[in-house]
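Worksheet: one structure, shown below.
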Amino acid sequence: MMMFPNFFSLFQLFSLLYLFTITSASTEEATSLLKWKATFQKQNNSLLASWRSSSNACKDWYGVICFNGRINKLNITNSSVIGTLYDFPFLSLPFLEYLDLSMNNFSGTIPLEIGKLTNLVYLALHTNQISGTIPPQIGSQAKLQILRLFDNHLSGTIPREIGNLRSLTKLSLGTNFLSGSIPTSFGNLTSLSFLYLYENQISCSIPEEIGYLRSLTKLCLHNNSLNGSIPASLGNLTNLSLLYLYGNQLSGSIPEEIGYLRSLTKLSLGINFLSGSIPTSLGNLTSMSFLYLSVNQLSGSIPEEIGYLRSLTQLCLTNNSLNGSIPAPMGNLTNLSILFLHENQFSGSIPEEMSNLRSLTELSLGINFLSGSIPTSLGNLTSVSILYLSVNQLSGSIPEEIGCLRSLTELAFSTNSLNGSIPASLGKLNNLSQFYLHENQLSGSILSFICNFTSLQVLNLGRNNLEGAIPQCFGNMSGYLEVMDMQQNNLSGVLPNTFSVGSSLRSFNLQGNELEGKIPRSLANCKELQDLDLGDNHLIDTFPMWLGTLSKLQVLSLRSNKLYGPIITSRNESIFVELRIIDLSCNDFSGNLPMSLFQHLKGMRTIDQTMKSPRYLGNGEYQDSVTIANKGLELELVRILTTYTSVDLSSNKFEGPIPSIMGDLIALRVLNLSLNELQGHIPPSLGNLSVVESLDLSSNHLVGEIPAQLSSLASLEVLNLSYNHLKGCIPQGPQFQTFESNSYEGNAGLCGFPVSKVCGNNCVSETNYIVSALDDQESNSECLNDFWKAALMGYGSGLCIGLSILYFMISTGNPKWLARIIVELEHKIIMRRRKK
């Protein structure tokens, strides 16, 4: 009977000891966390304000959960913490099972001590700034089920020790800088359901051992540098619902075994080097909603079995070498919302069965060899917003039924053989933002209903047979329209003069029409204008200097019109500051070359050394183009490099000298001043045009010698100085050795390679100071008067001094020293000539 009270007392004693141990342990854990918090940069963090020594960590602290008085869970995700893990109390939290520090601003490396958290089940450090390598010690956390380290700056290889985590169900290391191979030890992770290694620098092949992970439901290895073939063992992953391997360097064929993955809903193998045909076994994947095989080297036809995939909502096969016709069974894919087949080699007609795809929102069949007419049944696709049939061999007229597609925002039928007029039914497409009908054989007039398209940003009707006047209401569209391209048609009449203030117009191209009248001054309201091409028309006007106020203008082409008169520049220093291409050729401009205009062309006075990849004028689907004369040929730049610079003033009536200031346009690639009435010498300053590729000064009245400075133009590919009055020796240099005699014909006074006339031994270049003096003939008459006044003053002073010396010599009777000087001077002149 005495045993029970003693036992009860002993139980109370152990309970008190246990509570004391727990209390002291939790106090130690709280203290260690406070020390870690003290290292954070933002001590006033409102979410962690509850972390105080005076409060109970287990009850009052944000993100802290305890079990039996010990900290069991720490979750401070997305808490705006700025710090490191170096002072994290790994050794003081032995009971921690759940640690989530994600979506903060932790930096530095992961300490090796993280392996001491042996009870961890959940570890999330993702979406931080953590760098360095993944410590192999993580492999000792045998209870770990979820490991998320994605979206950091981790580098180095993936530790093979992660293969020891047999309890792991989710592993996410994506969006880092990890390299090396996928460890074969991952084949041990037989409980794994998610494996995310995407967006790293992982190379080598996909290990066969991945096929052991029978529990996998999602495998994402995309955007790495994986190579080799897709292992057939992936066909064992019968629970797989998502397989993303796109954006690698995988080659070989698509394994038939992929067709075994009956649970697959999304398959993306695009942007690789896969070849061969599309396996017919893919027709087994009846649960699949997304199939992306674009940007590979696949060939052959689309298997009709694709028509079995009734759950498909997106099918993308673009940019391959697929051929044959589009199979009619694709009309069975009634759930399809996106169908992209462009950039292949499909032929034949567009199947009528396409009209069954009533759920389609985007249909792209462009850049193929499709022929025949556009099916009228496409008018049934009332949900489609993007319809892209460009660059095919389609013929016939545009069906009136296209006007039923009221949801259309982008319509592209360009580069086909479509004829007839633009149907009036298209006036119902009020949601259009992109309208491409260029490069067809469309005729008739431009219908004014286009002015009702209040969302229209790009209008491209160029290279057709359209005629008649441009509706004046087109100018009112400039408030929202960014691109208006109607080049190379038969349009007549005058240009719209209703461009409004606040215009969004960026590119305006009416080159190659029959337009008359003046250049509308309301274009000065188009402050966003970068590309203006009105060339090859019948415009009659003087040079529109007021366009210089358009600070973003980079391309100005007024070639082949009836523009006339001198180019009188403004004193405003902020004109044409971004202009890089100016073409005024084949007009009737006269007077001296506009020296002050060249002073303003800041865009041609510097070479951009920072650009790492080419950039082109244009945005989205539309690329600006311009026709220029380059290297003796008329060329169309279908894309305009932002670094390309050209000045073409040829075939006018310009006279006077070439301004030496043109040598300051050091970014010039093309300079054409031919077929004018220019006089004087070629300025040596043109030798500063270090990147010039084509220089044409032919058919003028230039005199003197070819400056030796031109021989240093290492980029020069075409030189034409023919039909001038040049003389003397042709300079020799690396590029000058490549030019043929036709570069110099019509200059009887030139000698040396490559012309037939041989230069004599006494071929002496005129002295530089004479060329320099003649080089500045562009000075006005007032400057010339000042020069002659100074010269006469110098001559008069010299004459007085000479007479004084002569009087002194005669009076002394001893002029022998003067005779000695004359003899020595004569001797030096003779010796110099012999050396030359």
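Residue numbering restarts at 1 in every chain; chains get A, B, ... in the order shown in the structure tokens, and ligands count up from 1 in that same order.
For range 262-265 of chain A, the residues within 9 Å (counting only C-alpha atoms, excluding itself and residues fewer than 2 positions away along the chain) are A:Thr217, A:Thr238, A:Asn239, A:Leu240, A:Ser241, A:Leu242, A:Leu243, A:Ile258, A:Gly259, A:Tyr260, A:Leu267, A:Asn284, A:Leu285, A:Thr286, A:Ser287, A:Met288, A:Ser289, A:Phe290, A:Leu291, A:Ser311, A:Leu312.
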Go ahead and save the picked residues with N, CA, C and O atoms, as a short mmCIF file (atom, residue, chain, number, x, y, z; two decimals), in the first residue's frame.
```cif
data_model
loop_
_atom_site.label_atom_id
_atom_site.label_comp_id
_atom_site.auth_asym_id
_atom_site.auth_seq_id
_atom_site.Cartn_x
_atom_site.Cartn_y
_atom_site.Cartn_z
N THR A 217 4.91 11.70 -61.80
CA THR A 217 3.76 12.23 -62.51
C THR A 217 4.15 13.47 -63.34
O THR A 217 3.49 13.76 -64.34
N THR A 238 4.42 5.18 -66.54
CA THR A 238 3.01 5.12 -66.96
C THR A 238 2.11 6.04 -66.15
O THR A 238 0.95 6.24 -66.52
N ASN A 239 2.61 6.60 -65.04
CA ASN A 239 1.82 7.55 -64.25
C ASN A 239 2.08 8.99 -64.67
O ASN A 239 1.46 9.92 -64.13
N LEU A 240 2.97 9.16 -65.64
CA LEU A 240 3.39 10.50 -66.02
C LEU A 240 2.24 11.26 -66.69
O LEU A 240 1.63 10.77 -67.64
N SER A 241 1.98 12.46 -66.18
CA SER A 241 0.95 13.31 -66.79
C SER A 241 1.57 14.49 -67.53
O SER A 241 0.93 15.05 -68.42
N LEU A 242 2.80 14.86 -67.19
CA LEU A 242 3.44 16.02 -67.81
C LEU A 242 4.90 15.69 -68.11
O LEU A 242 5.64 15.27 -67.22
N LEU A 243 5.31 15.86 -69.38
CA LEU A 243 6.69 15.60 -69.80
C LEU A 243 7.17 16.78 -70.62
O LEU A 243 6.71 17.00 -71.75
N ILE A 258 6.95 6.50 -76.14
CA ILE A 258 6.22 7.63 -75.56
C ILE A 258 4.71 7.39 -75.68
O ILE A 258 3.92 7.84 -74.84
N GLY A 259 4.33 6.62 -76.66
CA GLY A 259 2.92 6.30 -76.85
C GLY A 259 2.34 5.41 -75.77
O GLY A 259 1.12 5.19 -75.74
N TYR A 260 3.19 4.86 -74.87
CA TYR A 260 2.70 4.03 -73.76
C TYR A 260 2.20 4.87 -72.59
O TYR A 260 1.57 4.33 -71.67
N LEU A 267 2.69 17.11 -73.44
CA LEU A 267 3.96 16.63 -73.97
C LEU A 267 4.61 17.75 -74.77
O LEU A 267 4.03 18.24 -75.75
N ASN A 284 -2.31 7.08 -79.24
CA ASN A 284 -2.82 6.39 -78.04
C ASN A 284 -3.04 7.33 -76.87
O ASN A 284 -3.71 6.96 -75.90
N LEU A 285 -2.47 8.53 -76.95
CA LEU A 285 -2.46 9.43 -75.79
C LEU A 285 -3.76 10.25 -75.78
O LEU A 285 -3.76 11.47 -75.93
N THR A 286 -4.84 9.55 -75.57
CA THR A 286 -6.16 10.16 -75.73
C THR A 286 -6.51 11.14 -74.62
O THR A 286 -7.52 11.85 -74.72
N SER A 287 -5.69 11.18 -73.57
CA SER A 287 -5.94 12.16 -72.50
C SER A 287 -5.17 13.45 -72.71
O SER A 287 -5.32 14.40 -71.94
N MET A 288 -4.35 13.49 -73.76
CA MET A 288 -3.44 14.62 -73.94
C MET A 288 -4.19 15.87 -74.39
O MET A 288 -5.00 15.83 -75.31
N SER A 289 -3.84 17.01 -73.74
CA SER A 289 -4.45 18.29 -74.09
C SER A 289 -3.45 19.22 -74.76
O SER A 289 -3.87 20.17 -75.44
N PHE A 290 -2.17 18.96 -74.61
CA PHE A 290 -1.14 19.87 -75.13
C PHE A 290 -0.04 19.06 -75.79
O PHE A 290 0.59 18.20 -75.14
N LEU A 291 0.22 19.28 -77.10
CA LEU A 291 1.28 18.59 -77.83
C LEU A 291 2.11 19.63 -78.57
O LEU A 291 1.62 20.32 -79.47
N SER A 311 -9.03 15.16 -76.87
CA SER A 311 -8.88 16.08 -75.73
C SER A 311 -7.92 17.23 -76.01
O SER A 311 -7.77 18.13 -75.18
N LEU A 312 -7.26 17.19 -77.18
CA LEU A 312 -6.26 18.21 -77.48
C LEU A 312 -6.89 19.60 -77.53
O LEU A 312 -7.92 19.82 -78.18
#
```
Can you pull out every residue within 10 Å of Phe654 in chain A, counting only C-alpha atoms, but drop anything in the same chain fewer than 3 positions away, and send it as a count of residues only? 23
Between A:Pro520, A:Ile666, A:Ser585, A:Asn356, which is the closest to Gly603 in chain A once you count only C-alpha atoms?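 For Gly603 in chain A, the nearest of the given residues is A:Ile666.
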Any idea what's packed within 8 Å of Leu125 in chain A, counting only C-alpha atoms, ignoring anything in its chain fewer than 5 positions away? Could you give it as a list in words?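 Everything that qualifies: Asp100, Leu101, Ser102, Met103, Arg148, Leu149 and Phe150 of chain A.
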Name the residues in contact with Ser225 in chain A at a cut-off of 8 Å, using only C-alpha atoms, excluding same-chain residues fewer than 2 positions from it; report them as a VMD selection string. chain A and resid 201 to 204 223 227 247 to 249
Might you pull out every residue within 7 Å of Ile374 in chain A, with only C-alpha atoms counted and same-chain residues fewer than 6 positions away left off, and present them as JSON, numbers by chain? {"A": [394, 398, 399]}
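Residues with any atom within 7 Å of Ser421 in chain A, counting only C-alpha atoms and excluding same-chain neighbours fewer than 4 positions away, are Leu442, Ser443 and Gly444 of chain A.
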